[in-house]
Amino acid sequence: MATLLAANQVSRRTVLNGIVAAGATALASPLFIRGARASSGQVNVLGWAEELPDSVTKKFTAATGIEIKITPFSSNEEQMNKLMATEGEGFDLCQPTVDRAAQFKDLGVLAPIDPNKIPIDDILPAVMQGMKAWQSAEGLFSLPHCWGTEAIGWRSDLTKLDYKTLSYGTLWQEEYVGKVQGKPDTLLLGIGLWFDASGKLPSNRMLDSYKDEPTMRKIFDEILKFAVAHKAQIKQFFDTSDLVKSGFMENGCVIGQVWDGPALSLKKEGKPIQYMAPQEGAQSWIDGLSVVAASKNVEQAYEFLKFLYTPEVSAMVAEGSGYNGVMKGSDAFLSAETKKSFAEAYPEDALSKLWSRPEEPGWYGAARNEYAEKFKAA
């Protein structure tokens with residue numbers, strides 16, 4: 001997958017303000033208000049709960065009368081398992097992450113999106129570029145909902161860190177023994193990126209790990225060996241945003257490789273938390289929205305999609321979740337506090353270094369999870 005933001009697009013202000021905010025007119029005559037047929041009912045979303053804040057869903061229900069019911073999950077694996085178990089029955093929309101496109105396509109439970117029903121031309125081009133994996137001869141099977149990163153978060157009252165020296169390797173320094181949190185699979189990726197940058201692996205070996213399974217296993221064998229030998233660093237593994245937050249505020253974690261959303265939400269609440277991209281580059285991802293083929297509320301689902309794809313609501317998603325919106329012109333609706341946090345999270349050249357997770361081959365997920373489980377069990 002192409003880098004989420006090109007090197008010459010080095011700030012959210014450049015990305016958002018430099019593009020005509022065509023969606024501004026949508027606020028004056030909302031696209032999501034339609035006739036009586038879509039003025040009631042509900043939309044069942046299999047989703048990342050924190051990415052659809054109450055402020056957003058309540059605003060939609062107040063405007064349309066359509067209720068939003070969210071069934072949360074904590075990983076793409078859990079999401080895929082729910083879709084497989086039900087063949088999509090009971091869900092209208094789901095939220096796959098872009099690098100898992102091949103795995104979701106294999107499930108055969110998604111319907112192509114009708115681009116004529118949604119203002120997709122108002123989506124940031126750099127973000128739409130990252131959705132190429134979802135385009136096929138049958139159509140486009142997912143639209144971007146928000147994008148974010150996984151990088152380094154820490155308790156600013158307990159340790160001091162600086163962008164020029166910040167690294168995934170910082171997590172493994174002796175002073176943080178028993179004080180680190182992270183996801184086992186992406187911690188392994190972070191070690192690999194650190195190894196790449198420090199010369200312990202030849203350059204770009206982490207990209208090579210997506211080529212074929214033998215190459216992947218050769219690389220991950222080296223990474224796992226290091227991770228297991230240094231597992232004493234780990235205070236907790238997390239799989240939800242709430243665990244990231246409690247890890248920092250209640251469970252003694254001083255530092256971690258964490259998602260931007262929960263870390264920046266804590267910071268916004270006035271907690272002593274900082275979040276920043278390391279020198280190797282923050283791991284970036286795009287979470288999408290897809291229509292489930294078995295949907296019983298298709299018209300209502302499209303009303304919700306049209307509501308979401310406006311600059312104002314995209315900004316509301318960003319404000320409420322700590323992640324980043326995808327619509328042209330949404331920057332105009334962000335608070336000064338959110339803009340400041342973004343600039344502090346990605347200082348200097350950090351946005352030009354984003355490491356976009358490539359699309360995973362079908363075999364990759366099972367192999368990666370095998371190594372993650374070995375790390376957890378060690």
# chains A, B, ... in the order shown; residues from 1 in each chain; ligands from 1
$ residues_around --residues "Glu89 (chain A)" --least-positions-apart "5" --cutoff "8 Å" --atoms "only C-alpha atoms" --output "list in words"
Leu83, Ala294 and Ser295 of chain A
$ write_last_selection --atoms "C-alpha atoms" --output "PDB file, in the first residue's frame"
ATOM      1  CA  LEU A  83     -19.010 -12.149  10.175  1.00  0.00           C
ATOM      2  CA  ALA A 294     -26.859  -9.529   4.159  1.00  0.00           C
ATOM      3  CA  SER A 295     -27.991  -6.065   5.319  1.00  0.00           C
TER       4      SER A 295
END
$ residues_around --residues "region 269-277 of chain A" --least-positions-apart "4" --cutoff "7 Å" --atoms "only C-alpha atoms" --output "VMD selection string"
chain A and resid 151 to 157 260 263 to 265 281 to 282 344 to 346 350
$ atom_distance --atom1 "CA of Glu87 (chain A)" --atom2 "CA of Thr64 (chain A)"
28.5 Å
$ select_by_dssp --residues "region 318-350 of chain A" --states "helix (DSSP H, G or I)" --output "VMD selection string"
chain A and resid 318 to 321 330 to 333 336 to 345 350
$ select_by_dssp --residues "region 102-150 of chain A" --states "strand (DSSP E or B)" --output "list of chain:residue names"
A:Leu110, A:Ala111, A:Ile113, A:Ile123, A:Gln135, A:Ser136, A:Gly139, A:Leu140, A:Leu143, A:Pro144, A:His145, A:Cys146, A:Trp147, A:Gly148, A:Thr149, A:Glu150
$ write_last_selection --atoms "C-alpha atoms" --output "CSV table (one decimal), in the first residue's frame"
chain,number,residue,atom,x,y,z
A,110,LEU,CA,-19.5,-7.6,1.7
A,111,ALA,CA,-21.4,-5.8,-1.0
A,113,ILE,CA,-20.6,0.4,-2.4
A,123,ILE,CA,-12.8,12.4,0.6
A,135,GLN,CA,-11.2,-1.8,-5.6
A,136,SER,CA,-11.9,-4.7,-7.9
A,139,GLY,CA,-16.6,-2.4,-7.4
A,140,LEU,CA,-15.3,-0.6,-4.3
A,143,LEU,CA,-14.6,3.6,2.1
A,144,PRO,CA,-12.2,5.2,4.6
A,145,HIS,CA,-13.7,6.2,7.9
A,146,CYS,CA,-10.7,7.5,9.9
A,147,TRP,CA,-7.0,7.0,9.9
A,148,GLY,CA,-4.6,6.8,12.7
A,149,THR,CA,-1.3,5.5,13.9
A,150,GLU,CA,0.4,3.3,16.5
$ residues_around --residues "region 231-237 of chain A" --least-positions-apart "4" --cutoff "8 Å" --atoms "only C-alpha atoms" --output "VMD selection string"
chain A and resid 171 to 172 174 176 to 184 227 247 252 to 253 375 378
$ closest_residue --among "A:Ala62, A:Val291, A:Leu166, A:Leu52" --to "Ile255 (chain A)" --atoms "only C-alpha atoms"
A:Leu166
$ residues_around --residues "region 206-208 of chain A" --least-positions-apart "6" --cutoff "12 Å" --atoms "only C-alpha atoms" --output "list in words"
Met1, Thr186, Leu188, Leu189, Gly190, Ile191, Gly192, Leu193, Trp194, Phe195, Asp196, Ala197, Lys200, Pro214, Thr215, Met216, Arg217, Lys218, Ile219, Phe220, Glu222, Ile223, Glu280, Trp355, Ser356, Arg357, Pro358, Glu359 and Glu360 of chain A
$ closest_residue --among "A:Asp99, A:Asp122, A:Glu175, A:Glu373" --to "Leu158 (chain A)" --atoms "only C-alpha atoms"
A:Glu175
$ atom_distance --atom1 "CA of Ser284 (chain A)" --atom2 "CA of Lys69 (chain A)"
27.7 Å
$ closest_residue --among "A:Leu46, A:Leu351, A:Val127, A:Ile66" --to "Asn81 (chain A)" --atoms "only C-alpha atoms"
A:Leu46
$ residues_around --residues "Leu124 (chain A)" --least-positions-apart "5" --cutoff "6 Å" --atoms "only C-alpha atoms" --output "list in words"
Val326, Met327 and Lys328 of chain A
$ closest_atom_pairs --of "region 28-143 of chain A" --to "region 311-314 of chain A" --cutoff "12 Å" --atoms "only C-alpha atoms" --output "CSV"
residue,atom,partner,partner_atom,distance
A:Ala28,CA,A:Glu312,CA,11.2
A:Pro30,CA,A:Glu312,CA,10.9
A:Phe32,CA,A:Val313,CA,11.6
A:Glu51,CA,A:Ser314,CA,10.5
A:Leu52,CA,A:Ser314,CA,10.2
A:Pro53,CA,A:Val313,CA,10.5
A:Asp54,CA,A:Val313,CA,11.9
A:Ser55,CA,A:Val313,CA,9.5
A:Val56,CA,A:Val313,CA,6.9
A:Thr57,CA,A:Val313,CA,10.0
A:Lys58,CA,A:Val313,CA,11.7
A:Lys59,CA,A:Val313,CA,9.3
A:Phe60,CA,A:Val313,CA,9.6
A:Pro119,CA,A:Pro311,CA,10.9
A:Ile120,CA,A:Pro311,CA,11.8
A:Asp122,CA,A:Pro311,CA,8.5
A:Ile123,CA,A:Pro311,CA,9.0
A:Leu124,CA,A:Pro311,CA,10.4
$ write_last_selection --atoms "N, CA, C and O atoms" --output "PDB file, in the first residue's frame"
ATOM      1  N   ALA A  28     -25.235  23.129   4.684  1.00  0.00           N
ATOM      2  CA  ALA A  28     -26.396  23.988   4.536  1.00  0.00           C
ATOM      3  C   ALA A  28     -27.632  23.192   4.124  1.00  0.00           C
ATOM      4  O   ALA A  28     -28.750  23.510   4.508  1.00  0.00           O
ATOM      5  N   PRO A  30     -28.242  19.287   4.202  1.00  0.00           N
ATOM      6  CA  PRO A  30     -27.653  17.980   4.499  1.00  0.00           C
ATOM      7  C   PRO A  30     -28.101  16.897   3.538  1.00  0.00           C
ATOM      8  O   PRO A  30     -29.295  16.719   3.269  1.00  0.00           O
ATOM      9  N   PHE A  32     -27.997  13.856   4.155  1.00  0.00           N
ATOM     10  CA  PHE A  32     -28.524  12.690   4.846  1.00  0.00           C
ATOM     11  C   PHE A  32     -30.003  12.807   5.200  1.00  0.00           C
ATOM     12  O   PHE A  32     -30.586  11.878   5.731  1.00  0.00           O
ATOM     13  N   GLU A  51     -14.627   4.672  17.425  1.00  0.00           N
ATOM     14  CA  GLU A  51     -14.554   5.420  16.170  1.00  0.00           C
ATOM     15  C   GLU A  51     -15.903   6.006  15.753  1.00  0.00           C
ATOM     16  O   GLU A  51     -15.988   6.739  14.777  1.00  0.00           O
ATOM     17  N   LEU A  52     -16.971   5.659  16.476  1.00  0.00           N
ATOM     18  CA  LEU A  52     -18.282   6.250  16.240  1.00  0.00           C
ATOM     19  C   LEU A  52     -18.769   6.827  17.569  1.00  0.00           C
ATOM     20  O   LEU A  52     -19.587   6.230  18.267  1.00  0.00           O
ATOM     21  N   PRO A  53     -18.241   7.981  17.962  1.00  0.00           N
ATOM     22  CA  PRO A  53     -18.571   8.567  19.265  1.00  0.00           C
ATOM     23  C   PRO A  53     -20.068   8.839  19.413  1.00  0.00           C
ATOM     24  O   PRO A  53     -20.798   9.028  18.427  1.00  0.00           O
ATOM     25  N   ASP A  54     -20.523   8.875  20.661  1.00  0.00           N
ATOM     26  CA  ASP A  54     -21.935   9.148  20.933  1.00  0.00           C
ATOM     27  C   ASP A  54     -22.376  10.472  20.332  1.00  0.00           C
ATOM     28  O   ASP A  54     -23.523  10.609  19.879  1.00  0.00           O
ATOM     29  N   SER A  55     -21.490  11.455  20.322  1.00  0.00           N
ATOM     30  CA  SER A  55     -21.855  12.759  19.765  1.00  0.00           C
ATOM     31  C   SER A  55     -22.269  12.637  18.304  1.00  0.00           C
ATOM     32  O   SER A  55     -23.167  13.346  17.833  1.00  0.00           O
ATOM     33  N   VAL A  56     -21.646  11.711  17.592  1.00  0.00           N
ATOM     34  CA  VAL A  56     -21.941  11.502  16.176  1.00  0.00           C
ATOM     35  C   VAL A  56     -23.236  10.715  15.997  1.00  0.00           C
ATOM     36  O   VAL A  56     -24.126  11.123  15.236  1.00  0.00           O
ATOM     37  N   THR A  57     -23.355   9.598  16.680  1.00  0.00           N
ATOM     38  CA  THR A  57     -24.538   8.752  16.485  1.00  0.00           C
ATOM     39  C   THR A  57     -25.808   9.442  16.981  1.00  0.00           C
ATOM     40  O   THR A  57     -26.871   9.327  16.368  1.00  0.00           O
ATOM     41  N   LYS A  58     -25.717  10.188  18.087  1.00  0.00           N
ATOM     42  CA  LYS A  58     -26.901  10.887  18.606  1.00  0.00           C
ATOM     43  C   LYS A  58     -27.330  12.015  17.672  1.00  0.00           C
ATOM     44  O   LYS A  58     -28.532  12.261  17.494  1.00  0.00           O
ATOM     45  N   LYS A  59     -26.364  12.693  17.070  1.00  0.00           N
ATOM     46  CA  LYS A  59     -26.694  13.757  16.116  1.00  0.00           C
ATOM     47  C   LYS A  59     -27.429  13.173  14.907  1.00  0.00           C
ATOM     48  O   LYS A  59     -28.402  13.748  14.416  1.00  0.00           O
ATOM     49  N   PHE A  60     -26.956  12.031  14.436  1.00  0.00           N
ATOM     50  CA  PHE A  60     -27.600  11.380  13.289  1.00  0.00           C
ATOM     51  C   PHE A  60     -29.022  10.958  13.636  1.00  0.00           C
ATOM     52  O   PHE A  60     -29.963  11.190  12.861  1.00  0.00           O
ATOM     53  N   PRO A 119     -20.854  11.193  -1.246  1.00  0.00           N
ATOM     54  CA  PRO A 119     -19.961  12.200  -1.848  1.00  0.00           C
ATOM     55  C   PRO A 119     -18.493  11.812  -1.733  1.00  0.00           C
ATOM     56  O   PRO A 119     -17.701  12.482  -1.061  1.00  0.00           O
ATOM     57  N   ILE A 120     -18.099  10.751  -2.445  1.00  0.00           N
ATOM     58  CA  ILE A 120     -16.730  10.254  -2.287  1.00  0.00           C
ATOM     59  C   ILE A 120     -15.690  11.199  -2.874  1.00  0.00           C
ATOM     60  O   ILE A 120     -14.514  11.135  -2.506  1.00  0.00           O
ATOM     61  N   ASP A 122     -15.364  14.115  -2.143  1.00  0.00           N
ATOM     62  CA  ASP A 122     -14.980  15.031  -1.072  1.00  0.00           C
ATOM     63  C   ASP A 122     -14.039  14.380  -0.056  1.00  0.00           C
ATOM     64  O   ASP A 122     -13.633  15.031   0.905  1.00  0.00           O
ATOM     65  N   ILE A 123     -13.697  13.120  -0.266  1.00  0.00           N
ATOM     66  CA  ILE A 123     -12.752  12.435   0.614  1.00  0.00           C
ATOM     67  C   ILE A 123     -11.335  12.841   0.205  1.00  0.00           C
ATOM     68  O   ILE A 123     -11.031  12.992  -0.983  1.00  0.00           O
ATOM     69  N   LEU A 124     -10.464  13.014   1.188  1.00  0.00           N
ATOM     70  CA  LEU A 124      -9.086  13.402   0.896  1.00  0.00           C
ATOM     71  C   LEU A 124      -8.441  12.433  -0.096  1.00  0.00           C
ATOM     72  O   LEU A 124      -8.453  11.215   0.124  1.00  0.00           O
TER      73      LEU A 124
END
$ residues_around --residues "Asp185 (chain A)" --least-positions-apart "5" --cutoff "8 Å" --atoms "only C-alpha atoms" --output "count of residues only"
4
$ closest_residue --among "A:Phe141, A:Phe104, A:Tyr168, A:Phe238" --to "Gly362 (chain A)" --atoms "only C-alpha atoms"
A:Phe104
$ atom_distance --atom1 "CA of Val258 (chain A)" --atom2 "CA of Leu187 (chain A)"
9.3 Å
$ closest_residue --among "A:Gly130, A:Phe307, A:Thr170, A:Val292" --to "Gly108 (chain A)" --atoms "only C-alpha atoms"
A:Val292
